[in-house]
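Okay, entry_30.cif now, which holds mmCIF, C-alpha atoms (C1' of nucleotides):
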```cif
data_data
loop_
_atom_site.label_atom_id
_atom_site.label_comp_id
_atom_site.auth_asym_id
_atom_site.auth_seq_id
_atom_site.Cartn_x
_atom_site.Cartn_y
_atom_site.Cartn_z
CA MET R 1 1.89 17.99 29.17
CA SER R 2 2.58 14.26 28.74
CA ASN R 3 4.33 12.92 25.66
CA PHE R 4 1.08 11.84 24.10
CA GLU R 5 -0.68 15.08 24.85
CA THR R 6 2.10 16.87 22.98
CA LEU R 7 1.52 14.60 19.98
CA PHE R 8 -2.27 14.97 20.12
CA TYR R 9 -2.00 18.72 20.33
CA TYR R 10 0.40 18.76 17.38
CA ILE R 11 -1.84 16.58 15.20
CA GLN R 12 -4.92 18.68 15.93
CA GLU R 13 -3.12 21.96 15.36
CA THR R 14 -1.54 20.84 12.12
CA SER R 15 -4.59 19.15 10.65
CA GLY R 16 -7.21 21.59 11.93
CA LYS R 17 -9.28 18.58 13.02
CA LEU R 18 -10.08 17.05 16.39
CA LEU R 19 -9.07 13.59 17.55
CA SER R 20 -11.78 11.38 19.05
CA GLU R 21 -11.14 9.29 22.16
CA ASP R 22 -10.92 6.22 19.93
CA ASP R 23 -8.36 7.96 17.73
CA LYS R 24 -6.27 8.76 20.79
CA HIS R 25 -6.40 5.20 22.05
CA LEU R 26 -5.31 3.90 18.68
CA LEU R 27 -2.38 6.32 18.62
CA MET R 28 -1.39 5.45 22.18
CA ALA R 29 -1.49 1.76 21.37
CA HIS R 30 0.87 2.06 18.42
CA PHE R 31 3.25 4.92 19.13
CA LYS R 32 6.02 3.74 21.43
CA PRO R 33 7.88 6.18 23.70
CA LYS R 34 11.62 5.94 23.34
CA LYS R 35 14.53 7.80 24.91
CA LEU R 36 17.96 8.31 23.41
CA ARG R 37 20.90 9.84 25.19
CA LYS R 38 22.99 12.58 23.55
CA ARG R 39 25.16 11.11 20.75
CA GLN R 40 23.03 7.97 20.42
CA TYR R 41 21.84 7.06 16.92
CA PHE R 42 18.22 6.84 15.91
CA LEU R 43 19.28 5.57 12.48
CA GLN R 44 22.61 4.37 11.12
CA GLU R 45 23.74 4.51 7.50
CA GLY R 46 23.19 1.12 5.87
CA ASP R 47 20.26 0.16 8.09
CA VAL R 48 16.65 0.26 6.95
CA CYS R 49 14.73 3.07 8.63
CA LYS R 50 11.99 1.04 10.29
CA TYR R 51 10.61 3.82 12.44
CA ILE R 52 9.32 7.30 12.06
CA ALA R 53 9.54 9.32 15.26
CA PHE R 54 7.91 12.45 16.64
CA ILE R 55 10.25 14.53 18.79
CA VAL R 56 8.71 15.36 22.16
CA LYS R 57 11.89 16.76 23.68
CA GLY R 58 15.45 17.27 22.49
CA SER R 59 17.12 17.67 19.11
CA ALA R 60 18.68 15.61 16.35
CA ARG R 61 20.63 15.92 13.14
CA THR R 62 20.38 13.97 9.88
CA PHE R 63 23.70 13.70 8.07
CA THR R 64 25.75 11.73 5.54
CA VAL R 65 29.44 11.06 5.38
CA ASP R 66 31.13 11.54 2.00
CA ASP R 67 34.06 9.62 0.47
CA LYS R 68 36.57 11.87 2.19
CA GLY R 69 34.99 11.25 5.58
CA HIS R 70 33.38 14.68 5.81
CA GLU R 71 29.98 14.97 7.43
CA HIS R 72 27.17 16.89 5.76
CA ILE R 73 24.09 17.83 7.77
CA LEU R 74 20.91 17.75 5.72
CA LYS R 75 18.46 18.43 8.48
CA LEU R 76 18.36 19.74 12.02
CA SER R 77 15.30 18.75 14.03
CA LEU R 78 13.72 20.06 17.22
CA GLU R 79 10.56 19.42 19.26
CA ASN R 80 7.39 18.81 17.23
CA TRP R 81 9.30 17.65 14.16
CA TRP R 82 9.48 14.20 12.69
CA ILE R 83 12.68 12.28 12.16
CA VAL R 84 12.84 9.65 9.43
CA ASP R 85 14.56 8.87 6.15
CA PHE R 86 11.50 8.70 3.91
CA GLU R 87 13.25 6.93 1.08
CA SER R 88 14.35 4.08 3.32
CA PHE R 89 11.11 4.10 5.32
CA TYR R 90 8.85 3.83 2.26
CA LEU R 91 10.98 1.68 0.00
CA LEU R 92 12.69 -0.40 2.70
CA THR R 93 16.09 0.27 1.16
CA PRO R 94 19.23 0.71 3.30
CA SER R 95 19.54 4.33 4.33
CA ARG R 96 22.35 6.62 3.22
CA PHE R 97 21.80 8.80 6.28
CA ASN R 98 22.56 8.85 9.95
CA ILE R 99 20.21 10.38 12.49
CA GLU R 100 21.86 11.22 15.79
CA ALA R 101 20.58 12.76 19.01
CA LEU R 102 22.31 16.08 19.69
CA GLU R 103 20.70 16.40 23.11
CA ASN R 104 18.94 13.80 25.23
CA LEU R 105 15.99 12.89 23.09
CA GLU R 106 12.44 11.76 23.82
CA VAL R 107 10.41 10.52 20.88
CA LEU R 108 7.25 8.63 20.06
CA GLN R 109 7.93 6.15 17.31
CA SER R 110 5.89 3.97 15.01
CA THR R 111 6.31 1.70 11.97
CA ASN R 112 5.25 2.11 8.36
CA ALA R 113 2.48 -0.50 8.72
CA GLN R 114 1.04 1.32 11.71
CA ILE R 115 1.20 4.68 9.98
CA GLU R 116 -0.84 3.19 7.13
CA GLU R 117 -3.46 2.21 9.70
CA PHE R 118 -3.53 5.70 11.19
CA LEU R 119 -3.92 7.21 7.73
CA LYS R 120 -6.81 4.90 6.98
CA HIS R 121 -8.68 5.22 10.26
CA ILE R 122 -7.88 8.65 11.71
CA PRO R 123 -9.07 11.57 9.56
CA ALA R 124 -7.05 14.12 11.54
CA PHE R 125 -3.91 12.06 11.02
CA SER R 126 -4.42 11.81 7.30
CA ALA R 127 -5.16 15.54 7.05
CA MET R 128 -1.99 16.24 9.05
CA SER R 129 -0.02 14.04 6.69
CA ASN R 130 -1.26 16.04 3.71
CA VAL R 131 -0.42 19.34 5.36
CA ILE R 132 3.05 18.13 6.23
CA SER R 133 3.80 16.87 2.77
CA GLN R 134 2.52 20.11 1.32
CA ASN R 135 4.72 22.18 3.66
CA ASN R 136 7.59 19.88 2.98
CA THR R 137 7.29 20.32 -0.77
CA ILE R 138 7.26 24.08 -0.37
CA ALA R 139 10.15 24.15 2.10
CA THR R 140 12.42 21.94 0.03
CA GLN R 141 11.72 23.96 -3.07
CA LYS R 142 12.71 27.09 -1.17
CA ARG R 143 15.85 25.51 0.21
CA MET R 144 16.78 24.27 -3.27
CA GLN R 145 16.34 27.77 -4.65
CA ALA R 146 18.31 29.26 -1.76
CA ALA R 147 21.18 26.84 -2.35
CA MET R 148 21.32 27.80 -6.04
CA ILE R 149 20.94 31.54 -5.81
CA TYR R 150 22.09 32.86 -2.50
CA THR R 151 25.62 33.40 -1.24
CA ALA R 152 26.80 31.92 2.05
CA GLU R 153 26.03 35.16 3.84
CA GLU R 154 22.49 35.41 2.48
CA ARG R 155 21.76 31.82 3.45
CA TYR R 156 22.96 32.50 6.98
CA GLU R 157 20.75 35.58 7.27
CA ASP R 158 17.88 33.54 5.91
CA LEU R 159 18.44 30.97 8.64
CA ILE R 160 18.54 33.65 11.31
CA SER R 161 15.16 34.99 10.26
CA ASN R 162 13.47 31.65 9.58
CA TYR R 163 14.88 29.49 12.36
CA PRO R 164 16.23 31.76 15.10
CA GLN R 165 15.90 28.91 17.63
CA PHE R 166 18.66 27.06 15.76
CA LEU R 167 21.28 29.53 16.98
CA GLN R 168 20.37 28.80 20.59
CA ARG R 169 20.09 25.06 20.26
CA PHE R 170 22.83 23.97 17.86
CA PRO R 171 26.59 24.51 17.96
CA GLN R 172 27.97 26.72 15.27
CA ASN R 173 29.83 24.00 13.42
CA MET R 174 26.56 22.08 12.99
CA ILE R 175 24.90 25.18 11.60
CA ALA R 176 27.82 25.65 9.24
CA SER R 177 27.47 22.10 7.96
CA TYR R 178 23.71 22.55 7.58
CA LEU R 179 24.34 25.64 5.45
CA GLY R 180 26.94 23.79 3.39
CA LEU R 181 29.84 25.84 4.79
CA SER R 182 33.06 25.08 6.60
CA PRO R 183 33.11 26.15 10.27
CA GLU R 184 35.87 28.63 9.45
CA THR R 185 33.79 30.35 6.78
CA LEU R 186 30.79 30.73 9.07
CA SER R 187 32.99 32.14 11.80
CA ARG R 188 34.47 34.77 9.47
CA LEU R 189 31.07 35.58 8.05
CA LYS R 190 29.64 36.35 11.48
CA LYS R 191 32.55 38.61 12.28
CA ASN R 192 32.07 40.63 9.11
CA SER R 193 28.32 40.98 9.44
CA PHE R 194 28.76 42.94 12.68
CA LYS R 195 31.07 45.54 11.19
CA MET I 1 -3.63 8.16 -27.95
CA SER I 2 -5.72 11.25 -27.24
CA ASN I 3 -4.69 13.81 -24.62
CA PHE I 4 -7.07 12.40 -22.07
CA GLU I 5 -6.08 8.82 -22.71
CA THR I 6 -2.50 9.81 -21.94
CA LEU I 7 -3.65 11.30 -18.64
CA PHE I 8 -5.84 8.30 -17.77
CA TYR I 9 -3.03 5.90 -18.53
CA TYR I 10 -0.65 7.95 -16.40
CA ILE I 11 -3.00 8.09 -13.41
CA GLN I 12 -3.65 4.36 -13.52
CA GLU I 13 0.00 3.47 -13.91
CA THR I 14 1.13 5.75 -11.11
CA SER I 15 -1.62 4.87 -8.65
CA GLY I 16 -1.88 1.18 -9.44
CA LYS I 17 -5.67 1.62 -9.52
CA LEU I 18 -8.23 1.69 -12.31
CA LEU I 19 -10.41 4.66 -13.25
CA SER I 20 -14.14 4.04 -13.63
CA GLU I 21 -16.11 5.56 -16.51
CA ASP I 22 -17.55 8.07 -14.05
CA ASP I 23 -14.05 8.99 -12.90
CA LYS I 24 -13.02 9.59 -16.48
CA HIS I 25 -16.01 11.79 -17.18
CA LEU I 26 -15.30 13.86 -14.10
CA LEU I 27 -11.69 14.34 -15.20
CA MET I 28 -12.70 15.22 -18.75
CA ALA I 29 -15.20 17.75 -17.46
CA HIS I 30 -12.63 19.62 -15.37
CA PHE I 31 -9.25 19.30 -17.06
CA LYS I 32 -9.00 21.83 -19.87
CA PRO I 33 -6.70 21.21 -22.85
CA LYS I 34 -4.38 24.11 -23.52
CA LYS I 35 -1.65 24.73 -26.07
CA LEU I 36 1.33 27.02 -25.66
CA ARG I 37 3.80 27.90 -28.35
CA LYS I 38 7.53 27.71 -27.74
CA ARG I 39 8.68 30.60 -25.48
CA GLN I 40 5.18 31.25 -24.16
CA TYR I 41 4.76 31.45 -20.41
CA PHE I 42 2.58 29.11 -18.40
CA LEU I 43 3.33 31.15 -15.28
CA GLN I 44 5.00 34.52 -14.75
CA GLU I 45 6.83 35.68 -11.66
CA GLY I 46 4.52 37.78 -9.52
CA ASP I 47 1.32 36.07 -10.70
CA VAL I 48 -0.58 33.56 -8.61
CA CYS I 49 -0.28 30.05 -10.03
CA LYS I 50 -3.96 29.29 -10.58
CA TYR I 51 -3.46 26.13 -12.60
CA ILE I 52 -1.67 22.85 -12.33
CA ALA I 53 -0.99 21.24 -15.69
CA PHE I 54 -0.18 17.77 -16.95
CA ILE I 55 2.19 17.77 -19.92
CA VAL I 56 0.85 15.69 -22.80
CA LYS I 57 3.44 16.84 -25.31
CA GLY I 58 6.41 19.19 -25.23
CA SER I 59 8.71 20.50 -22.53
CA ALA I 60 9.03 23.36 -20.07
CA ARG I 61 11.40 24.93 -17.60
CA THR I 62 10.78 26.46 -14.18
CA PHE I 63 13.23 29.24 -13.36
CA THR I 64 13.84 32.35 -11.28
CA VAL I 65 15.79 35.48 -12.06
CA ASP I 66 18.18 36.75 -9.37
CA ASP I 67 19.12 40.34 -8.49
CA LYS I 68 21.85 40.37 -11.11
CA GLY I 69 19.44 39.28 -13.81
CA HIS I 70 20.79 35.75 -14.02
CA GLU I 71 18.34 32.92 -14.66
CA HIS I 72 18.39 29.78 -12.55
CA ILE I 73 16.52 26.70 -13.72
CA LEU I 74 15.01 24.72 -10.86
CA LYS I 75 13.14 22.18 -12.89
CA LEU I 76 13.01 20.80 -16.41
CA SER I 77 9.79 19.05 -17.34
CA LEU I 78 8.78 16.66 -20.12
CA GLU I 79 5.74 14.59 -21.10
CA ASN I 80 3.88 12.96 -18.19
CA TRP I 81 5.13 15.50 -15.66
CA TRP I 82 3.19 18.15 -13.87
CA ILE I 83 4.01 21.84 -14.00
CA VAL I 84 3.00 24.07 -11.11
CA ASP I 85 4.47 26.22 -8.37
CA PHE I 86 3.04 24.41 -5.37
CA GLU I 87 3.68 27.23 -2.95
CA SER I 88 1.71 29.71 -5.01
CA PHE I 89 -0.90 27.13 -6.02
CA TYR I 90 -1.67 26.04 -2.45
CA LEU I 91 -1.21 29.32 -0.62
CA LEU I 92 -2.39 31.67 -3.39
CA THR I 93 0.70 33.83 -2.95
CA PRO I 94 2.43 35.54 -5.91
CA SER I 95 4.93 33.13 -7.45
CA ARG I 96 8.66 33.72 -7.44
CA PHE I 97 9.01 31.47 -10.50
CA ASN I 98 8.49 31.54 -14.21
CA ILE I 99 7.36 28.50 -16.16
CA GLU I 100 8.07 28.73 -19.87
CA ALA I 101 7.43 26.37 -22.78
CA LEU I 102 10.73 25.25 -24.33
CA GLU I 103 8.95 23.47 -27.17
CA ASN I 104 5.36 23.76 -28.37
CA LEU I 105 3.44 22.50 -25.39
CA GLU I 106 0.16 20.64 -24.96
CA VAL I 107 -1.18 20.38 -21.44
CA LEU I 108 -4.32 19.51 -19.53
CA GLN I 109 -4.89 22.02 -16.78
CA SER I 110 -7.09 22.33 -13.75
CA THR I 111 -7.59 24.54 -10.69
CA ASN I 112 -6.96 23.94 -7.02
CA ALA I 113 -10.68 23.67 -6.24
CA GLN I 114 -11.14 21.04 -8.92
CA ILE I 115 -8.13 19.06 -7.76
CA GLU I 116 -9.70 18.95 -4.28
CA GLU I 117 -12.78 17.41 -5.87
CA PHE I 118 -10.75 14.80 -7.72
CA LEU I 119 -8.94 13.89 -4.51
CA LYS I 120 -12.24 13.48 -2.70
CA HIS I 121 -14.11 11.52 -5.35
CA ILE I 122 -11.53 9.60 -7.38
CA PRO I 123 -9.59 6.99 -5.39
CA ALA I 124 -7.04 6.45 -8.15
CA PHE I 125 -6.38 10.20 -8.28
CA SER I 126 -5.82 10.43 -4.57
CA ALA I 127 -3.54 7.37 -4.59
CA MET I 128 -1.59 8.95 -7.46
CA SER I 129 -1.24 12.14 -5.48
CA ASN I 130 0.24 10.25 -2.56
CA VAL I 131 2.68 8.38 -4.78
CA ILE I 132 3.79 11.61 -6.43
CA SER I 133 4.33 13.44 -3.17
CA GLN I 134 6.26 10.44 -1.83
CA ASN I 135 8.48 10.34 -4.93
CA ASN I 136 8.85 14.05 -4.81
CA THR I 137 10.04 14.00 -1.21
CA ILE I 138 12.59 11.34 -2.03
CA ALA I 139 13.79 13.04 -5.22
CA THR I 140 14.26 16.45 -3.62
CA GLN I 141 16.13 14.94 -0.71
CA LYS I 142 18.46 13.24 -3.17
CA ARG I 143 18.95 16.41 -5.17
CA MET I 144 19.65 18.34 -1.98
CA GLN I 145 22.25 15.78 -0.96
CA ALA I 146 23.76 15.78 -4.45
CA ALA I 147 24.06 19.57 -4.40
CA MET I 148 25.87 19.46 -1.06
CA ILE I 149 28.25 16.58 -1.66
CA TYR I 150 28.98 16.10 -5.32
CA THR I 151 31.25 18.07 -7.61
CA ALA I 152 29.99 19.58 -10.86
CA GLU I 153 31.29 16.57 -12.80
CA GLU I 154 29.60 14.04 -10.54
CA ARG I 155 26.29 15.88 -10.77
CA TYR I 156 26.53 15.86 -14.56
CA GLU I 157 27.22 12.14 -14.63
CA ASP I 158 24.33 11.63 -12.27
CA LEU I 159 22.06 13.48 -14.66
CA ILE I 160 23.26 11.40 -17.61
CA SER I 161 22.35 8.19 -15.85
CA ASN I 162 19.09 9.36 -14.28
CA TYR I 163 17.65 11.54 -17.04
CA PRO I 164 19.36 10.62 -20.33
CA GLN I 165 16.38 12.09 -22.26
CA PHE I 166 17.36 15.53 -21.02
CA LEU I 167 20.45 15.58 -23.22
CA GLN I 168 18.31 15.02 -26.33
CA ARG I 169 15.55 17.42 -25.41
CA PHE I 170 17.21 20.40 -23.75
CA PRO I 171 19.96 22.73 -24.97
CA GLN I 172 23.21 22.48 -23.07
CA ASN I 173 23.00 25.92 -21.47
CA MET I 174 19.67 24.94 -19.90
CA ILE I 175 21.20 21.78 -18.53
CA ALA I 176 24.09 23.82 -17.15
CA SER I 177 21.69 26.16 -15.39
CA TYR I 178 19.71 23.20 -14.02
CA LEU I 179 22.94 21.77 -12.60
CA GLY I 180 23.87 25.14 -11.11
CA LEU I 181 26.81 25.64 -13.50
CA SER I 182 27.83 28.25 -16.02
CA PRO I 183 27.54 27.13 -19.66
CA GLU I 184 31.31 27.47 -19.99
CA THR I 185 31.97 25.11 -17.13
CA LEU I 186 29.65 22.44 -18.52
CA SER I 187 31.25 22.72 -21.93
CA ARG I 188 34.75 22.22 -20.49
CA LEU I 189 33.57 19.42 -18.30
CA LYS I 190 32.19 17.47 -21.27
CA LYS I 191 35.44 17.89 -23.17
CA ASN I 192 37.50 16.53 -20.31
CA SER I 193 35.27 13.55 -19.62
CA PHE I 194 36.00 12.16 -23.08
CA LYS I 195 39.76 12.23 -22.67
"C1'" DG F 1 19.51 30.40 -49.61
"C1'" DC F 2 20.87 34.26 -46.84
"C1'" DC F 3 20.86 36.68 -42.56
"C1'" DT F 4 20.15 37.17 -37.94
"C1'" DT F 5 20.22 35.26 -33.61
"C1'" DA F 6 21.00 31.60 -30.43
"C1'" DA F 7 24.04 28.03 -28.80
"C1'" DC F 8 28.57 26.23 -28.00
"C1'" DT F 9 33.73 26.37 -27.40
"C1'" DT F 10 38.19 28.01 -25.84
"C1'" DG F 11 41.37 31.01 -23.43
"C1'" DA F 12 42.72 34.34 -19.71
"C1'" DT F 13 41.78 36.00 -15.33
"C1'" DC F 14 39.39 36.46 -10.85
"C1'" DT F 15 37.22 35.11 -6.45
"C1'" DG F 16 34.29 32.86 -2.75
"C1'" DG F 17 34.88 29.68 0.06
"C1'" DG F 18 37.73 25.42 1.31
"C1'" DT F 19 41.85 23.50 3.51
"C1'" DC F 20 45.64 23.39 6.66
"C1'" DA F 21 47.65 24.94 10.83
"C1'" DA F 22 47.98 27.07 15.22
"C1'" DG F 23 46.21 29.37 19.14
"C1'" DC F 24 42.31 30.48 22.08
"C1'" DT F 25 37.89 29.60 24.90
"C1'" DT F 26 34.43 27.22 26.81
"C1'" DA F 27 32.63 23.23 28.98
"C1'" DC F 28 32.55 18.39 30.63
"C1'" DT F 29 35.08 14.79 33.60
"C1'" DT F 30 36.93 12.83 37.53
"C1'" DA X 1 40.19 22.61 40.72
"C1'" DA X 2 42.83 20.71 37.18
"C1'" DG X 3 42.92 18.32 32.87
"C1'" DT X 4 41.23 17.20 28.56
"C1'" DA X 5 38.42 17.53 24.91
"C1'" DA X 6 35.27 20.07 21.99
"C1'" DG X 7 34.16 24.23 19.82
"C1'" DC X 8 35.51 28.74 17.98
"C1'" DT X 9 38.66 32.21 15.79
"C1'" DT X 10 42.34 33.91 12.87
"C1'" DG X 11 45.93 33.80 9.34
"C1'" DA X 12 48.15 32.00 5.03
"C1'" DC X 13 47.42 29.65 1.02
"C1'" DC X 14 44.82 27.11 -2.68
"C1'" DC X 15 41.40 25.66 -6.05
"C1'" DA X 16 36.85 24.75 -8.48
"C1'" DG X 17 34.14 27.11 -10.92
"C1'" DA X 18 32.59 32.06 -12.26
"C1'" DT X 19 33.27 35.87 -15.22
"C1'" DC X 20 34.83 38.36 -19.21
"C1'" DA X 21 36.00 38.24 -23.94
"C1'" DA X 22 36.33 36.67 -28.57
"C1'" DG X 23 35.63 33.40 -32.04
"C1'" DT X 24 32.98 29.38 -34.10
"C1'" DT X 25 29.07 26.62 -35.26
"C1'" DA X 26 24.24 25.67 -35.74
"C1'" DA X 27 19.62 26.78 -36.46
"C1'" DG X 28 15.13 29.62 -37.29
"C1'" DG X 29 12.85 33.31 -39.92
"C1'" DC X 30 11.63 35.44 -44.18
#
```

Rewritten as structure tokens:
Amino acid sequence: MSNFETLFYYIQETSGKLLSEDDKHLLMAHFKPKKLRKRQYFLQEGDVCKYIAFIVKGSARTFTVDDKGHEHILKLSLENWWIVDFESFYLLTPSRFNIEALENLEVLQSTNAQIEEFLKHIPAFSAMSNVISQNNTIATQKRMQAAMIYTAEERYEDLISNYPQFLQRFPQNMIASYLGLSPETLSRLKKNSFK
Amino acid sequence: MSNFETLFYYIQETSGKLLSEDDKHLLMAHFKPKKLRKRQYFLQEGDVCKYIAFIVKGSARTFTVDDKGHEHILKLSLENWWIVDFESFYLLTPSRFNIEALENLEVLQSTNAQIEEFLKHIPAFSAMSNVISQNNTIATQKRMQAAMIYTAEERYEDLISNYPQFLQRFPQNMIASYLGLSPETLSRLKKNSFK
DNA sequence: GCCTTAACTTGATCTGGGTCAAGCTTACTT
DNA sequence: AAGTAAGCTTGACCCAGATCAAGTTAAGGC
């Protein structure tokens, strides 16, 4: 499956609508393939996030660095996910986040102006956008709740059942940071859960 | 200003578009005014959230109860906010949340099916919906980040500068729960910040 | 206006998870 | 294949914020 076929398939699956040939040509004209090597940055703190990108292959992390120089991972992303800092992308403000490739990364990227065009002219794209924002609202609410109520151990078990791929694809210290834990705590927690 | 005028004004302000007379009639036909007395529930855990409501007057809290019987407030809502559990509302699943009036509450409520109609037929409504979901995405991302990085004190100061009305309208123990703190901790924290 | 209940404060103590440090393992580099 | 770096584990210690308890203030109900 080519990069674009992956995107087309994703849009149709998510929206429940078909793309016409015209739709596909429009998407192909305005989504640009881009490759990043492991450790390269898709977005750097302080820059405006000009692009939104669809991951065709590889993985990435979105993180901030606090005053003490500690990194905090807010999001881990795999194939068929979007990477972007929405705040910066919509409002054109400098981003507070970094987005870094954790493996060699292949994406299809586009700008805000072009996305507006897609939303206006491609019904499947606009339906997809609604579905995503709906899912997103639900997921963040859940994660919020999880962060408030659950202990470290419960959050780890939650991750295992909701995103088992993460354990294969991301090093443990990244998972720890994503869960808001120190690497040491996650290590100990795993040991105890097998007793 | 009548209940509906408040809603019309809100939609126009948020969307940046005007409502036609037809639009207004459609809204008036399908948003039902409802009053709840202080302590009454708009939504109870386990029920499906059939309505979304626009607060015309009063305030509410969205909270869950954990295994130990402790309440956790996820959201505090005032005039010109919406109350709903999106997950339950969209997916028709039983809600894990309670939504309770903290003051006598006047809302305008509508169902999922009717909202779909508004989105289809009223451009200002659909634009408003996009703006809200955009703001929502940004706000939750910020709150997520805040929860991961900031100390209790920093989160409290953040609340003071972002939502100063909250201090007037909500009792301190509710604010503590919203911030993920025990009432005792918030009390101590306030004392120290005035030293 | 009195009484009950809810909200807030203050102190004493406890604990989950962080921090620091050192050793161990796995995996890229050249 | 050896060398170096990155990731993981384990132990000792520490601290922010929770919990428990008791007293104080404020506010709704009749």

If you count all atoms listed in the file, which residues fall within 10 Å of DC30 of chain X, apart from same-chain ones fewer than 2 positions away, as a compact mmCIF listing (two decimals) with C-alpha atoms (C1' of nucleotides), in the frame of the given file?
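And here's out_8.txt as it stands now:
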```
# COMPACT_ATOMS: atom_id res chain seq x y z
C1' DC F 2 20.87 34.26 -46.84
C1' DC F 3 20.86 36.68 -42.56
C1' DG X 28 15.13 29.62 -37.29
```

Using all atoms listed in the file, determine which residues lie at most 12 Å from segment 93-104 of chain I, disregarding the query and same-chain residues fewer than 4 positions distant; provide the list as a PDB file with C-alpha atoms, in the coordinates of the input.
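Final output, out07.pdb:
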```
ATOM      1  CA  ILE R 138       7.260  24.080  -0.370  1.00  0.00           C
ATOM      2  CA  GLN R 141      11.720  23.960  -3.070  1.00  0.00           C
ATOM      3  CA  LYS R 142      12.710  27.090  -1.170  1.00  0.00           C
ATOM      4  CA  GLN R 145      16.340  27.770  -4.650  1.00  0.00           C
TER       5      GLN R 145
ATOM      6  CA  LYS I  34      -4.380  24.110 -23.520  1.00  0.00           C
ATOM      7  CA  LYS I  35      -1.650  24.730 -26.070  1.00  0.00           C
ATOM      8  CA  LEU I  36       1.330  27.020 -25.660  1.00  0.00           C
ATOM      9  CA  ARG I  37       3.800  27.900 -28.350  1.00  0.00           C
ATOM     10  CA  LYS I  38       7.530  27.710 -27.740  1.00  0.00           C
ATOM     11  CA  ARG I  39       8.680  30.600 -25.480  1.00  0.00           C
ATOM     12  CA  GLN I  40       5.180  31.250 -24.160  1.00  0.00           C
ATOM     13  CA  TYR I  41       4.760  31.450 -20.410  1.00  0.00           C
ATOM     14  CA  PHE I  42       2.580  29.110 -18.400  1.00  0.00           C
ATOM     15  CA  LEU I  43       3.330  31.150 -15.280  1.00  0.00           C
ATOM     16  CA  GLN I  44       5.000  34.520 -14.750  1.00  0.00           C
ATOM     17  CA  GLU I  45       6.830  35.680 -11.660  1.00  0.00           C
ATOM     18  CA  GLY I  46       4.520  37.780  -9.520  1.00  0.00           C
ATOM     19  CA  ASP I  47       1.320  36.070 -10.700  1.00  0.00           C
ATOM     20  CA  VAL I  48      -0.580  33.560  -8.610  1.00  0.00           C
ATOM     21  CA  CYS I  49      -0.280  30.050 -10.030  1.00  0.00           C
ATOM     22  CA  LYS I  50      -3.960  29.290 -10.580  1.00  0.00           C
ATOM     23  CA  TYR I  51      -3.460  26.130 -12.600  1.00  0.00           C
ATOM     24  CA  ILE I  52      -1.670  22.850 -12.330  1.00  0.00           C
ATOM     25  CA  ALA I  53      -0.990  21.240 -15.690  1.00  0.00           C
ATOM     26  CA  ILE I  55       2.190  17.770 -19.920  1.00  0.00           C
ATOM     27  CA  VAL I  56       0.850  15.690 -22.800  1.00  0.00           C
ATOM     28  CA  LYS I  57       3.440  16.840 -25.310  1.00  0.00           C
ATOM     29  CA  GLY I  58       6.410  19.190 -25.230  1.00  0.00           C
ATOM     30  CA  SER I  59       8.710  20.500 -22.530  1.00  0.00           C
ATOM     31  CA  ALA I  60       9.030  23.360 -20.070  1.00  0.00           C
ATOM     32  CA  ARG I  61      11.400  24.930 -17.600  1.00  0.00           C
ATOM     33  CA  THR I  62      10.780  26.460 -14.180  1.00  0.00           C
ATOM     34  CA  PHE I  63      13.230  29.240 -13.360  1.00  0.00           C
ATOM     35  CA  THR I  64      13.840  32.350 -11.280  1.00  0.00           C
ATOM     36  CA  VAL I  65      15.790  35.480 -12.060  1.00  0.00           C
ATOM     37  CA  ASP I  66      18.180  36.750  -9.370  1.00  0.00           C
ATOM     38  CA  GLU I  71      18.340  32.920 -14.660  1.00  0.00           C
ATOM     39  CA  HIS I  72      18.390  29.780 -12.550  1.00  0.00           C
ATOM     40  CA  ILE I  73      16.520  26.700 -13.720  1.00  0.00           C
ATOM     41  CA  LEU I  74      15.010  24.720 -10.860  1.00  0.00           C
ATOM     42  CA  LYS I  75      13.140  22.180 -12.890  1.00  0.00           C
ATOM     43  CA  LEU I  76      13.010  20.800 -16.410  1.00  0.00           C
ATOM     44  CA  SER I  77       9.790  19.050 -17.340  1.00  0.00           C
ATOM     45  CA  LEU I  78       8.780  16.660 -20.120  1.00  0.00           C
ATOM     46  CA  GLU I  79       5.740  14.590 -21.100  1.00  0.00           C
ATOM     47  CA  TRP I  82       3.190  18.150 -13.870  1.00  0.00           C
ATOM     48  CA  ILE I  83       4.010  21.840 -14.000  1.00  0.00           C
ATOM     49  CA  VAL I  84       3.000  24.070 -11.110  1.00  0.00           C
ATOM     50  CA  ASP I  85       4.470  26.220  -8.370  1.00  0.00           C
ATOM     51  CA  PHE I  86       3.040  24.410  -5.370  1.00  0.00           C
ATOM     52  CA  GLU I  87       3.680  27.230  -2.950  1.00  0.00           C
ATOM     53  CA  SER I  88       1.710  29.710  -5.010  1.00  0.00           C
ATOM     54  CA  PHE I  89      -0.900  27.130  -6.020  1.00  0.00           C
ATOM     55  CA  ARG I 169      15.550  17.420 -25.410  1.00  0.00           C
ATOM     56  CA  PHE I 170      17.210  20.400 -23.750  1.00  0.00           C
ATOM     57  CA  PRO I 171      19.960  22.730 -24.970  1.00  0.00           C
ATOM     58  CA  MET I 174      19.670  24.940 -19.900  1.00  0.00           C
TER      59      MET I 174
END
```

**OP:** Just say which residues the PyMOL selection byres ((chain F) within 9 of (chain R)) picks in this file, as an NGL selection string.
**Re:** :F and (16-18)

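Around segment 114-128 of chain I, within 9 Å and counting all atoms listed in the file, the residues found are Ile11, Gln12, Glu13, Thr14, Ser15, Gly16, Lys17, Leu18, Leu19, Ser20, Asp23, Leu26, Leu27, His30, Phe31, Ile52, Ser110, Thr111, Val131, Ile132 and Ser133 of chain I, once anything fewer than 3 positions away on its own chain is removed.
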